[in-house]
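Undergrad: File name query_28.pdb; file contents PDB, C-alpha atoms; full text below.
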```pdb
ATOM      1  CA  MET A 170      32.393  18.640 -19.303
ATOM      2  CA  THR A 171      31.402  16.609 -16.250
ATOM      3  CA  ILE A 172      28.436  14.255 -16.502
ATOM      4  CA  ARG A 173      26.706  13.757 -13.181
ATOM      5  CA  ARG A 174      25.139  10.341 -12.890
ATOM      6  CA  ARG A 175      22.145   9.777 -10.700
ATOM      7  CA  PRO A 176      22.868   7.671  -7.604
ATOM      8  CA  LEU A 177      21.691   4.081  -7.844
ATOM      9  CA  TRP A 178      18.864   4.554  -5.367
ATOM     10  CA  SER A 179      17.252   7.170  -7.604
ATOM     11  CA  LEU A 180      16.538   4.453 -10.172
ATOM     12  CA  LYS A 181      14.422   2.356  -7.796
ATOM     13  CA  ARG A 182      10.662   2.219  -7.583
ATOM     14  CA  VAL A 183       9.070   0.598  -4.555
ATOM     15  CA  LEU A 184       5.449  -0.438  -4.165
ATOM     16  CA  ILE A 185       4.066  -0.854  -0.648
ATOM     17  CA  VAL A 186       0.990  -3.061  -0.426
ATOM     18  CA  GLY A 187      -1.264  -2.700   2.613
ATOM     19  CA  GLN A 188      -4.225  -4.778   3.691
ATOM     20  CA  GLU A 189      -7.340  -2.792   2.736
ATOM     21  CA  THR A 190      -8.653   0.742   2.492
ATOM     22  CA  LEU A 191     -10.781   0.662   5.651
ATOM     23  CA  GLU A 192     -12.789   3.865   6.007
ATOM     24  CA  TRP A 193     -12.195   6.880   3.744
ATOM     25  CA  ASP A 194     -14.248   9.581   2.086
ATOM     26  CA  PHE A 195     -13.867  12.720   0.011
ATOM     27  CA  ARG A 196     -16.297  15.566   0.513
ATOM     28  CA  PRO A 197     -16.454  19.384   0.545
ATOM     29  CA  ASP A 198     -15.474  21.396   3.618
ATOM     30  CA  ASP A 199     -12.541  19.191   4.552
ATOM     31  CA  TYR A 200      -8.907  20.395   4.628
ATOM     32  CA  TYR A 201      -8.728  20.493   0.795
ATOM     33  CA  HIS A 202     -10.664  22.039  -2.073
ATOM     34  CA  TRP A 203     -13.174  19.507  -3.419
ATOM     35  CA  PRO A 204     -15.005  20.613  -6.605
ATOM     36  CA  TYR A 205     -16.862  17.293  -7.057
ATOM     37  CA  PRO A 206     -19.882  15.572  -5.504
ATOM     38  CA  SER A 207     -19.022  13.713  -2.312
ATOM     39  CA  ILE A 208     -17.528  10.239  -2.710
ATOM     40  CA  LEU A 209     -18.210   8.351   0.500
ATOM     41  CA  ARG A 210     -18.521   4.767  -0.735
ATOM     42  CA  LEU A 211     -18.096   2.574  -3.782
ATOM     43  CA  GLU A 212     -21.602   3.366  -5.040
ATOM     44  CA  ASP A 213     -20.747   7.097  -5.161
ATOM     45  CA  PHE A 214     -17.590   6.389  -7.134
ATOM     46  CA  LEU A 215     -19.436   4.240  -9.672
ATOM     47  CA  ALA A 216     -22.214   6.792 -10.099
ATOM     48  CA  GLN A 217     -19.948   9.784 -10.783
ATOM     49  CA  PRO A 218     -18.836  10.175 -14.434
ATOM     50  CA  ASP A 219     -15.563  11.920 -13.564
ATOM     51  CA  SER A 220     -14.805   9.767 -10.513
ATOM     52  CA  VAL A 221     -11.279   8.835 -11.656
ATOM     53  CA  GLU A 222     -10.289  12.494 -11.998
ATOM     54  CA  ALA A 223     -11.941  13.211  -8.651
ATOM     55  CA  MET A 224      -9.983  10.477  -6.886
ATOM     56  CA  MET A 225      -6.706  11.614  -8.444
ATOM     57  CA  HIS A 226      -7.442  15.094  -7.132
ATOM     58  CA  GLY A 227      -8.349  13.723  -3.699
ATOM     59  CA  TYR A 228      -5.267  11.579  -3.252
ATOM     60  CA  ARG A 229      -2.989  14.379  -4.369
ATOM     61  CA  ALA A 230      -4.597  16.572  -1.694
ATOM     62  CA  PHE A 231      -4.330  13.710   0.808
ATOM     63  CA  GLU A 232      -0.542  13.584   0.203
ATOM     64  CA  PHE A 233       0.131  10.460   2.256
ATOM     65  CA  ALA A 234      -1.891  11.738   5.253
ATOM     66  CA  ARG A 235       0.335  14.801   5.582
ATOM     67  CA  HIS A 236      -2.576  17.053   6.644
ATOM     68  CA  GLN A 237      -4.115  14.569   9.080
ATOM     69  CA  PRO A 238      -1.936  14.684  12.213
ATOM     70  CA  GLY A 239      -3.292  11.528  13.819
ATOM     71  CA  ASN A 240      -3.149   9.474  10.636
ATOM     72  CA  PHE A 241       0.193  10.975   9.575
ATOM     73  CA  ASN A 242       1.836   9.621  12.734
ATOM     74  CA  SER A 243       0.300   6.162  12.369
ATOM     75  CA  PRO A 244       2.664   3.180  12.019
ATOM     76  CA  PHE A 245       1.781   2.661   8.352
ATOM     77  CA  TRP A 246       2.726   6.162   7.263
ATOM     78  CA  ARG A 247       5.821   6.199   9.453
ATOM     79  CA  ALA A 248       6.927   3.012   7.679
ATOM     80  CA  HIS A 249       6.175   4.628   4.315
ATOM     81  CA  ARG A 250       8.388   7.585   5.188
ATOM     82  CA  GLN A 251      11.157   5.296   6.425
ATOM     83  CA  VAL A 252      11.163   3.472   3.073
ATOM     84  CA  ARG A 253      11.372   6.833   1.301
ATOM     85  CA  ASP A 254      14.288   7.793   3.503
ATOM     86  CA  ALA A 255      16.005   4.479   2.755
ATOM     87  CA  LEU A 256      15.906   5.362  -0.947
ATOM     88  CA  GLY A 257      17.470   8.736  -0.242
ATOM     89  CA  GLU A 258      14.269  10.671  -0.887
ATOM     90  CA  ALA A 259      12.757  13.534   1.039
ATOM     91  CA  VAL A 260      10.168  11.952   3.325
ATOM     92  CA  LEU A 261       7.556  14.637   2.619
ATOM     93  CA  GLY A 262       5.977  15.761  -0.609
ATOM     94  CA  PHE A 263       3.722  14.214  -3.225
ATOM     95  CA  ASP A 264       6.492  13.349  -5.690
ATOM     96  CA  THR A 265       7.976  10.019  -4.682
ATOM     97  CA  GLN A 266       9.134   6.705  -6.084
ATOM     98  CA  VAL A 267       7.488   4.903  -3.158
ATOM     99  CA  LEU A 268       3.863   4.273  -4.071
ATOM    100  CA  TYR A 269       1.271   2.336  -2.139
ATOM    101  CA  THR A 270      -1.819   0.300  -2.807
ATOM    102  CA  ASN A 271      -3.900  -2.288  -0.975
ATOM    103  CA  LEU A 272      -4.512  -5.977  -1.463
ATOM    104  CA  PHE A 273      -8.227  -5.373  -0.927
ATOM    105  CA  LYS A 274      -9.470  -2.324  -2.806
ATOM    106  CA  THR A 275     -12.516  -1.872  -0.628
ATOM    107  CA  ALA A 276     -13.695  -2.570   2.907
ATOM    108  CA  VAL A 277     -17.106  -3.381   4.318
ATOM    109  CA  GLU A 278     -18.643  -0.699   6.550
ATOM    110  CA  GLY A 279     -15.190   0.698   7.305
ATOM    111  CA  THR A 280     -13.811  -2.510   8.764
ATOM    112  CA  SER A 281     -11.625  -5.433   7.715
ATOM    113  CA  ILE A 282     -13.656  -8.152   6.092
ATOM    114  CA  VAL A 283     -10.769 -10.616   6.575
ATOM    115  CA  LYS A 284     -10.609 -10.092  10.333
ATOM    116  CA  ASN A 285     -14.252  -9.393  11.037
ATOM    117  CA  GLY A 286     -16.171 -11.310   8.377
ATOM    118  CA  SER A 287     -16.502 -14.876   7.157
ATOM    119  CA  ARG A 288     -14.100 -16.462   4.681
ATOM    120  CA  GLU A 289     -16.953 -16.665   2.162
ATOM    121  CA  ASP A 290     -17.595 -12.934   2.478
ATOM    122  CA  ALA A 291     -13.879 -12.141   2.177
ATOM    123  CA  ASP A 292     -13.562 -14.369  -0.895
ATOM    124  CA  ASN A 293     -16.501 -12.629  -2.539
ATOM    125  CA  ILE A 294     -15.007  -9.199  -1.847
ATOM    126  CA  TRP A 295     -11.632 -10.331  -3.169
ATOM    127  CA  ARG A 296     -13.179 -11.540  -6.444
ATOM    128  CA  ILE A 297     -14.387  -7.999  -7.180
ATOM    129  CA  SER A 298     -10.825  -6.840  -7.783
ATOM    130  CA  ALA A 299      -9.059 -10.134  -8.542
ATOM    131  CA  GLY A 300      -6.170  -9.493 -10.910
ATOM    132  CA  LEU A 301      -6.126  -5.739 -10.327
ATOM    133  CA  LEU A 302      -2.981  -5.847  -8.188
ATOM    134  CA  THR A 303      -1.230  -7.881 -10.897
ATOM    135  CA  ARG A 304      -2.205  -5.230 -13.434
ATOM    136  CA  GLU A 305      -0.908  -2.474 -11.139
ATOM    137  CA  LEU A 306       2.423  -4.273 -11.007
ATOM    138  CA  GLU A 307       2.532  -4.504 -14.793
ATOM    139  CA  ILE A 308       1.948  -0.768 -15.132
ATOM    140  CA  LEU A 309       4.204   0.425 -12.301
ATOM    141  CA  ASN A 310       6.997  -2.098 -12.899
ATOM    142  CA  PRO A 311       8.496  -1.646  -9.400
ATOM    143  CA  ASP A 312      11.994  -2.779  -8.469
ATOM    144  CA  ALA A 313      10.758  -3.958  -5.071
ATOM    145  CA  VAL A 314       7.425  -4.775  -3.447
ATOM    146  CA  ILE A 315       6.776  -4.734   0.297
ATOM    147  CA  PHE A 316       3.633  -6.509   1.442
ATOM    148  CA  PHE A 317       2.722  -5.129   4.862
ATOM    149  CA  THR A 318      -0.209  -7.523   4.968
ATOM    150  CA  GLY A 319       0.625 -10.079   7.650
ATOM    151  CA  PRO A 320      -0.106 -13.833   7.544
ATOM    152  CA  ASP A 321      -3.881 -13.476   7.858
ATOM    153  CA  TYR A 322      -3.947 -12.223   4.257
ATOM    154  CA  ASP A 323      -1.636 -14.883   2.789
ATOM    155  CA  ARG A 324      -4.591 -16.754   1.318
ATOM    156  CA  TYR A 325      -5.370 -13.786  -0.923
ATOM    157  CA  LEU A 326      -1.769 -13.321  -1.998
ATOM    158  CA  GLU A 327      -1.802 -16.942  -3.133
ATOM    159  CA  LEU A 328      -5.101 -16.452  -4.949
ATOM    160  CA  GLU A 329      -3.727 -13.374  -6.713
ATOM    161  CA  PHE A 330      -0.355 -14.965  -7.519
ATOM    162  CA  SER A 331      -0.947 -18.608  -8.390
ATOM    163  CA  GLY A 332       2.109 -20.719  -7.587
ATOM    164  CA  LEU A 333       3.610 -18.130  -5.240
ATOM    165  CA  VAL A 334       6.798 -19.402  -3.588
ATOM    166  CA  TRP A 335       7.623 -18.488   0.008
ATOM    167  CA  ALA A 336      11.015 -18.497   1.708
ATOM    168  CA  ALA A 337      11.909 -17.479   5.248
ATOM    169  CA  VAL A 338      14.223 -14.483   5.597
ATOM    170  CA  GLY A 339      17.242 -14.985   7.877
ATOM    171  CA  GLU A 340      16.294 -16.559  11.180
ATOM    172  CA  HIS A 341      12.659 -15.473  10.882
ATOM    173  CA  GLY A 342       9.892 -17.942  10.183
ATOM    174  CA  GLU A 343       7.829 -17.509   7.016
ATOM    175  CA  ARG A 344       4.871 -16.312   9.046
ATOM    176  CA  ARG A 345       6.937 -13.437  10.420
ATOM    177  CA  PHE A 346       9.070 -12.355   7.456
ATOM    178  CA  ALA A 347       9.096 -14.049   4.050
ATOM    179  CA  LYS A 348      10.658 -13.471   0.651
ATOM    180  CA  LEU A 349       8.203 -14.044  -2.208
ATOM    181  CA  ALA A 350       8.945 -15.369  -5.671
ATOM    182  CA  HIS A 351       6.549 -15.194  -8.624
ATOM    183  CA  GLY A 352       6.738 -14.210 -12.266
ATOM    184  CA  ALA A 353       4.608 -11.110 -11.646
ATOM    185  CA  LEU A 354       6.812  -9.891  -8.778
ATOM    186  CA  PRO A 355      10.300  -8.351  -8.807
ATOM    187  CA  ALA A 356      13.169 -10.273  -7.219
ATOM    188  CA  LYS A 357      12.989  -8.037  -4.147
ATOM    189  CA  SER A 358       9.549  -8.858  -2.785
ATOM    190  CA  TRP A 359       8.793  -9.474   0.876
ATOM    191  CA  ARG A 360       5.804 -10.025   3.137
ATOM    192  CA  THR A 361       5.835  -9.128   6.785
ATOM    193  CA  TYR A 362       3.322  -7.906   9.324
ATOM    194  CA  HIS A 363       1.376  -4.680   9.043
ATOM    195  CA  PRO A 364       3.244  -1.761  10.680
ATOM    196  CA  GLY A 365       0.462  -1.535  13.254
ATOM    197  CA  TYR A 366       1.664  -4.887  14.600
ATOM    198  CA  LEU A 367       5.349  -4.141  14.018
ATOM    199  CA  ASN A 368       4.978  -1.013  16.117
ATOM    200  CA  ARG A 369       4.435  -3.241  19.156
ATOM    201  CA  GLY A 370       8.062  -4.215  19.663
ATOM    202  CA  ASN A 371       8.869  -5.551  16.198
ATOM    203  CA  TRP A 372       9.872  -2.430  14.271
ATOM    204  CA  GLN A 373      13.274  -3.961  13.485
ATOM    205  CA  LEU A 374      11.533  -5.804  10.636
ATOM    206  CA  VAL A 375      10.877  -2.462   8.938
ATOM    207  CA  ASN A 376      14.586  -1.733   9.348
ATOM    208  CA  GLU A 377      15.446  -5.097   7.768
ATOM    209  CA  VAL A 378      13.135  -4.480   4.816
ATOM    210  CA  CYS A 379      14.716  -1.066   4.253
ATOM    211  CA  ALA A 380      18.204  -2.604   4.442
ATOM    212  CA  GLY A 381      17.161  -5.117   1.770
ATOM    213  CA  LEU A 382      16.381  -2.286  -0.654
ATOM    214  CA  ALA A 383      20.065  -1.371  -0.921
TER
END
```
Re-express the file's structure as structure tokens.
TA:
Amino acid sequence: MTIRRRPLWSLKRVLIVGQETLEWDFRPDDYYHWPYPSILRLEDFLAQPDSVEAMMHGYRAFEFARHQPGNFNSPFWRAHRQVRDALGEAVLGFDTQVLYTNLFKTAVEGTSIVKNGSREDADNIWRISAGLLTRELEILNPDAVIFFTGPDYDRYLELEFSGLVWAAVGEHGERRFAKLAHGALPAKSWRTYHPGYLNRGNWQLVNEVCAGLA
């Protein structure tokens, strides 16, 4: 009898962390079946008794922007698929070991509060979900974390992970590509720019991150 062992990459779980949600909504008459009241903003989510089930349904239908051609071809989702490919996965489909979340769980009027608001406003928004990312890490227990957040969000990484240690990767400066060390993070944890920036002549950093997953 021959026992087939799973390849090493099949044992890995990767969490991609983006900046913030920006604008999103779930409502009837879109490209998916939606049997719930519309959820257009945080207030709608809080008011709906089955909002968690509704959001699980919505994100399964969303399937990593697969049914939104413009969004699907955005730098963020192309990077997500490249990470999946680096693990030996199919790049399409809902079942994946490459999950994603955001440092900020909400945005203000569909825009980045870090880039377009005051530090006081951003700090207040951050406090709403402070500690939630740490709890996500505890539950998911990833083998690697990729922060596609860029240096403008470093303040909030340090607030979330007190005592976070930064180290430059290779010949890159810490601002460009850094390895992160903290008790709540796996050994393979990096922060680089958002793929939207990397798409402007710096995509090799996505390649380097993927190479580091091996």
Undergrad: Compare A:Ser281, A:Ala350, A:Pro364, A:Tyr200 by their minimum atom-to-atom distance to Gly332 of chain A, counting only C-alpha atoms, and give me the closest one.
TA: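 Closest residue, counting only C-alpha atoms: A:Ala350.
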Undergrad: Could you list, as a list in words, every residue matched by the PyMOL selection byres ((chain A and resi 180-186) around 6) in this structure?
TA: Leu177, Trp178, Ser179, Gly187, Gln266, Val267, Leu268, Tyr269, Thr270, Asn271, Pro311, Asp312, Ala313, Val314, Ile315, Phe316 and Phe317 of chain A
Undergrad: Would you mind telling me which residue in A:Arg229, A:Arg345, A:Arg250, A:Arg288 lies nearest to Leu367 of chain A when using only C-alpha atoms?
TA: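 For Leu367 of chain A, the nearest of the candidates is A:Arg345.
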Undergrad: What's the separation between atom CA of Cys379 of chain A and atom CA of Arg304 of chain A, in Å to one decimal place?
TA: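 Pair atom CA of Cys379 of chain A / atom CA of Arg304 of chain A returns 24.8 Å.
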Undergrad: Starting from the displayed file, determine the output of the PyMOL selection byres ((chain A and resi 362) around 6) and express the residue list as a compact mmCIF listing (two decimals) with C-alpha atoms, keeping the file's coordinate frame.
TA:
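What ended up in result35.txt:
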```
# COMPACT_ATOMS: atom_id res chain seq x y z
CA PHE A 317 2.72 -5.13 4.86
CA THR A 318 -0.21 -7.52 4.97
CA GLY A 319 0.62 -10.08 7.65
CA THR A 361 5.84 -9.13 6.78
CA HIS A 363 1.38 -4.68 9.04
```
Undergrad: Which distance in Å separates atom CA of Glu212 of chain A and atom CA of Asn285 of chain A, to one decimal?
TA: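 Between atom CA of Glu212 of chain A and atom CA of Asn285 of chain A the gap is 21.8 Å.
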Undergrad: With distances taken over only C-alpha atoms, which residue among A:Pro244, A:Pro218, A:Gly339, A:Pro197 lies nearest Arg369 of chain A?
TA: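 Among the listed residues, A:Pro244 lies closest to Arg369 of chain A.
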Undergrad: List the residues selected by the PyMOL selection byres ((chain A and resi 232) around 12) in the file shown, writing them as a ChimeraX atom specification.
TA: /A:200-201,225-231,233-237,240-241,246,249-250,260-265,268-269
Undergrad: What does the distance from atom CA of His341 of chain A to atom CA of Asn368 of chain A come to in Å, to one decimal?
TA: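 Rounded to one decimal, the two atoms are 17.2 Å apart.
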Undergrad: Env of segment 291-299 of chain A: 7 Å cut, atoms = all atoms listed in the file, seq-sep filter 6 positions within chain, self excluded. Answer as a ChimeraX atom specification.
TA: /A:273-274,282-283,329
Undergrad: Around (12.8, -9.7, 7.7), as given in the file, which residues come within 10 Å? Count only C-alpha atoms and list them as a PyMOL selection string.
TA: chain A and resi 337-343+345-348+359-362+373-381
Undergrad: With only C-alpha atoms as the atoms that count, which of A:Val334, A:Leu326, A:Ala383, A:Ala353 lies nearest to Asn310 of chain A?
TA: A:Ala353
Undergrad: Which is closer to Gln251 of chain A than all the others in A:Ala223, A:Ala356, A:Leu382, A:Leu301, using all atoms listed in the file?
TA: A:Leu382
Undergrad: For a quick check of understanding, using all atoms listed in the file, which of A:Arg253, A:His351, A:Arg344, A:Arg196 has the smallest distance to Asp213 of chain A?
TA: A:Arg196
Undergrad: Show me, as a ChimeraX atom specification, the residues that have an atom within 10 Å of Leu211 of chain A when counting only C-alpha atoms, minus same-chain residues fewer than 6 positions from it.
TA: /A:194,274-276
